[in-house]
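Asker: Okay, handing you the structure first.
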Amino acid sequence: MNSLTLFCPCAAGVESYLAQECRAILGGEPTALAAQRGGVSLQASWSEMMQLNLRTRLAQRVLIQVKSGFYRAEEDLYTLAKSVPWEMWFKHEQTFKVEITAQYSPLKSLNFAALKVKDAVADRFRDLKGVRPSVDVKWPHVRIYVHLTQDQMLLSMDTSGEPLFKRGWRLDKGEAPLKETLAAAMLAASGWEAQSGLALYDPCCGSGTIAIEAAQIDCHIAPGIFRQFGFENLLPYQASSWQTIKNRARQEERAPTRAIYGSDVSHRMVDFAQQNAVRAGVAHAIEFRGGDALVRMPPCETAGMLMVNPPYDERMSALGVAAAGKGLGRERAQMNSAAAWEHKGPARERSHAPLGALSGDQARAPAADTAASSSDFFSLLASHWKKNFSGWQAWVLTPNLKLPGQMRLKESRRVPLWNGPIECRLFKFDMVKGSHTGVKKAGLEA
Ligand SMILES: C[S@@+](CC[C@H](N)C(=O)[O-])C[C@H]1O[C@@H](n2cnc3c(N)ncnc32)[C@H](O)[C@@H]1O
């Protein structure tokens with residue numbers, strides 16, 4: 001178990017950040033580390049595989065490659081799969097599941113291909129032990145991954161179990177939560193961790209994913225510390241060495257070193273975010289509030305980093321001032337100009353602090369029939385940031401590639417990232433200090 005070939009899949013666009021993360025987790029240059037399309041491969045020991053599962057924020061899972069070979073037809077898949085010593089990895093009393101992916105495979109049915117591999121695994125156990133292990137498609141003890149290219153089959157043992165974006169702390173999903181791995185990719189792309197002392201603020205925080213990931217990074221809390229992993233069901237697993245790895249991770253935890261804030265127009269979401277932060281061990285490291293992103297003032301005096309995945313479609317349309325209709329908007333914006341960040345009372349109470357004269361839930365009320373068009377929302381947001389957030393850097397994740405134009409801002413960086421199947425860009429806008437009157441300095445497009 002000292003030289004395993006691992007493949008860590010990740011979202012497209014994240015490969016180079018993941019390769020960097022693997023170096024940081026394993027300390028140095030891992031053997032045969034290579035960023036490939038859709039993931040990173042490397043050689044590692046069993047203990048390093050456990051470390052990666054525990055500490056990666058960017059990988060979707062960690063796979064051990066156990067066999068590869070040429071195939072032409074389903075029978076070849078059966079023969080290759082039957083030649084793998086599965087009995088080294090799990091017992092016939094355990095349940096298993098075969099997952100299959102393919103790129104340019106000439107086979108007609110991937111389901112049938114998966115069935116052939118499933119039969120090969122079960123038949124191998126029957127030949128050796130006289131019993132076939134059972135399949136459980138929902139909660140298997142063991143997952144086997146098959147990847148088919150045009151003529152190659154790759155067989156892997158999964159060591160993660162539930163996908164790694166499930167950190168084990170999310171209780172309340174909210175309406176459109178960002179995957180934890182994507183929030184971590186936004187943070188990695190922004191270089192926030194390396195900018196010591198820089199505050200972070202998500203003004204449309206929803207269930208709190210970005211703020212919680214950031215706070216865990218700052219507090220050195222390993223992302224997998226609250227969950228279980230697939231490798232715990234595999235035969236080479238030894239509870240004592242896993243416990244040692246977890247204990248070491250716990251000893252590295254530290255107090256927050258910088259300020260992190262989140263707010264959302266929906267007080268219900270703020271409540272979810274607060275509960276999630278408690279479960280993620282970072283309630284003390286984040287201040288959550290209710291409030292409309294279009295009127296919320298900076299939460300701290302020193303300029304920091306705004307990071308947000310704003311509402312982006314009809315389902316998630318912008319609420320608050322922008323939604324209140326053109327007539328009401330100005331009035332409400334004035335009422336809400338008192339929406340400065342008050343630093344009083346415990347976080348839980350603060351999350352319900354009134355937002356000027358308009359509470360988040362009142363702000364939500366008119367949304368059913370008057371949700372803001374996204375271009376209204378973004379142009380108002382840009383004006384608000386230019387006026388009140390000078391000196392801040394703003395990172396915005398969106399599937400709308402025309403967003404800079406709609407905000408009349410020129411981005412200083414654009415990072416391609418995928419939110420599941422949706423192609424997005426993470427735009428960076430620099431709100432240059434003292435620029436709110438100067439169109440050019442504020443980064444406005446000519
Ligand atoms: C795409 S979701 C963000 C999801 C979040 N990143 C998470 O991990 O759960 C957009 C969020 O924007 C909030 N929102 C909509 N209009 C807003 C406004 N005017 N001010 C602040 N938040 C707003 C919604 O309530 C929703 O929670």
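Residue numbering restarts at 1 for every chain of the structure tokens, chains are lettered A, B, ... in their displayed order, and ligands are numbered from 1 as they appear.
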With only C-alpha atoms and all ligand atoms counted and 6 Å as the cut-off, give the residues of chain A in contact with ligand 1, each with its shortest interatomic distance in Å and the pair that gives it, as JSON lines.
Answerer:
{"residue": "A:Gly174", "atom": "CA", "partner": "ligand 1", "partner_atom_place_in_ligand_line": "9 (O)", "distance": 5.8}
{"residue": "A:Ala176", "atom": "CA", "partner": "ligand 1", "partner_atom_place_in_ligand_line": "2 (S)", "distance": 5.2}
{"residue": "A:Pro177", "atom": "CA", "partner": "ligand 1", "partner_atom_place_in_ligand_line": "9 (O)", "distance": 3.4}
{"residue": "A:Leu178", "atom": "CA", "partner": "ligand 1", "partner_atom_place_in_ligand_line": "8 (O)", "distance": 4.0}
{"residue": "A:Pro203", "atom": "CA", "partner": "ligand 1", "partner_atom_place_in_ligand_line": "21 (C)", "distance": 5.7}
{"residue": "A:Cys204", "atom": "CA", "partner": "ligand 1", "partner_atom_place_in_ligand_line": "22 (N)", "distance": 3.8}
{"residue": "A:Cys205", "atom": "CA", "partner": "ligand 1", "partner_atom_place_in_ligand_line": "5 (C)", "distance": 4.8}
{"residue": "A:Gly206", "atom": "CA", "partner": "ligand 1", "partner_atom_place_in_ligand_line": "27 (O)", "distance": 3.3}
{"residue": "A:Ser207", "atom": "CA", "partner": "ligand 1", "partner_atom_place_in_ligand_line": "9 (O)", "distance": 3.7}
{"residue": "A:Gly208", "atom": "CA", "partner": "ligand 1", "partner_atom_place_in_ligand_line": "8 (O)", "distance": 5.1}
{"residue": "A:Thr209", "atom": "CA", "partner": "ligand 1", "partner_atom_place_in_ligand_line": "8 (O)", "distance": 4.0}
{"residue": "A:Asp264", "atom": "CA", "partner": "ligand 1", "partner_atom_place_in_ligand_line": "22 (N)", "distance": 3.9}
{"residue": "A:Val265", "atom": "CA", "partner": "ligand 1", "partner_atom_place_in_ligand_line": "21 (C)", "distance": 4.0}
{"residue": "A:Ser266", "atom": "CA", "partner": "ligand 1", "partner_atom_place_in_ligand_line": "25 (O)", "distance": 5.0}
{"residue": "A:Met269", "atom": "CA", "partner": "ligand 1", "partner_atom_place_in_ligand_line": "27 (O)", "distance": 6.0}
{"residue": "A:Gly291", "atom": "CA", "partner": "ligand 1", "partner_atom_place_in_ligand_line": "21 (C)", "distance": 6.0}
{"residue": "A:Asp292", "atom": "CA", "partner": "ligand 1", "partner_atom_place_in_ligand_line": "20 (N)", "distance": 3.6}
{"residue": "A:Ala293", "atom": "CA", "partner": "ligand 1", "partner_atom_place_in_ligand_line": "20 (N)", "distance": 3.7}
{"residue": "A:Leu294", "atom": "CA", "partner": "ligand 1", "partner_atom_place_in_ligand_line": "19 (N)", "distance": 5.8}
{"residue": "A:Asn309", "atom": "CA", "partner": "ligand 1", "partner_atom_place_in_ligand_line": "6 (N)", "distance": 5.3}
{"residue": "A:Pro310", "atom": "CA", "partner": "ligand 1", "partner_atom_place_in_ligand_line": "10 (C)", "distance": 4.6}
{"residue": "A:Pro311", "atom": "CA", "partner": "ligand 1", "partner_atom_place_in_ligand_line": "10 (C)", "distance": 4.0}
{"residue": "A:Ala318", "atom": "CA", "partner": "ligand 1", "partner_atom_place_in_ligand_line": "16 (N)", "distance": 3.5}
{"residue": "A:Leu319", "atom": "CA", "partner": "ligand 1", "partner_atom_place_in_ligand_line": "16 (N)", "distance": 3.7}
{"residue": "A:Gly320", "atom": "CA", "partner": "ligand 1", "partner_atom_place_in_ligand_line": "19 (N)", "distance": 4.3}
Asker: Mind the document's chain letters and residue numbers, and return as a PyMOL selection string the residues of segment 109-225 of chain A that DSSP labels helix (DSSP H, G or I).
Answerer: chain A and resi 110-129+180-190+209-218
Asker: Rank nothing, just name the residue among A:Asn419, A:Thr181, A:Ser373, A:Gln36 nearest to Phe7 of chain A, using only C-alpha atoms.
Answerer: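 Of A:Asn419, A:Thr181, A:Ser373, A:Gln36, the one nearest Phe7 of chain A is A:Gln36, counting only C-alpha atoms.
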Asker: Just list the residues in segment 112-201 of chain A DSSP gives strand (DSSP E) on the backbone, as a PyMOL selection string.
Answerer: chain A and resi 142-148+152-158+200-201
Asker: Might you pull out every residue within 7 Å of segment 131-140 of chain A, with only C-alpha atoms counted and same-chain residues fewer than 3 positions away left off, and present them as an MDAnalysis selection string?
Answerer: chainID A and resid 92:97 122:123 125:126 143
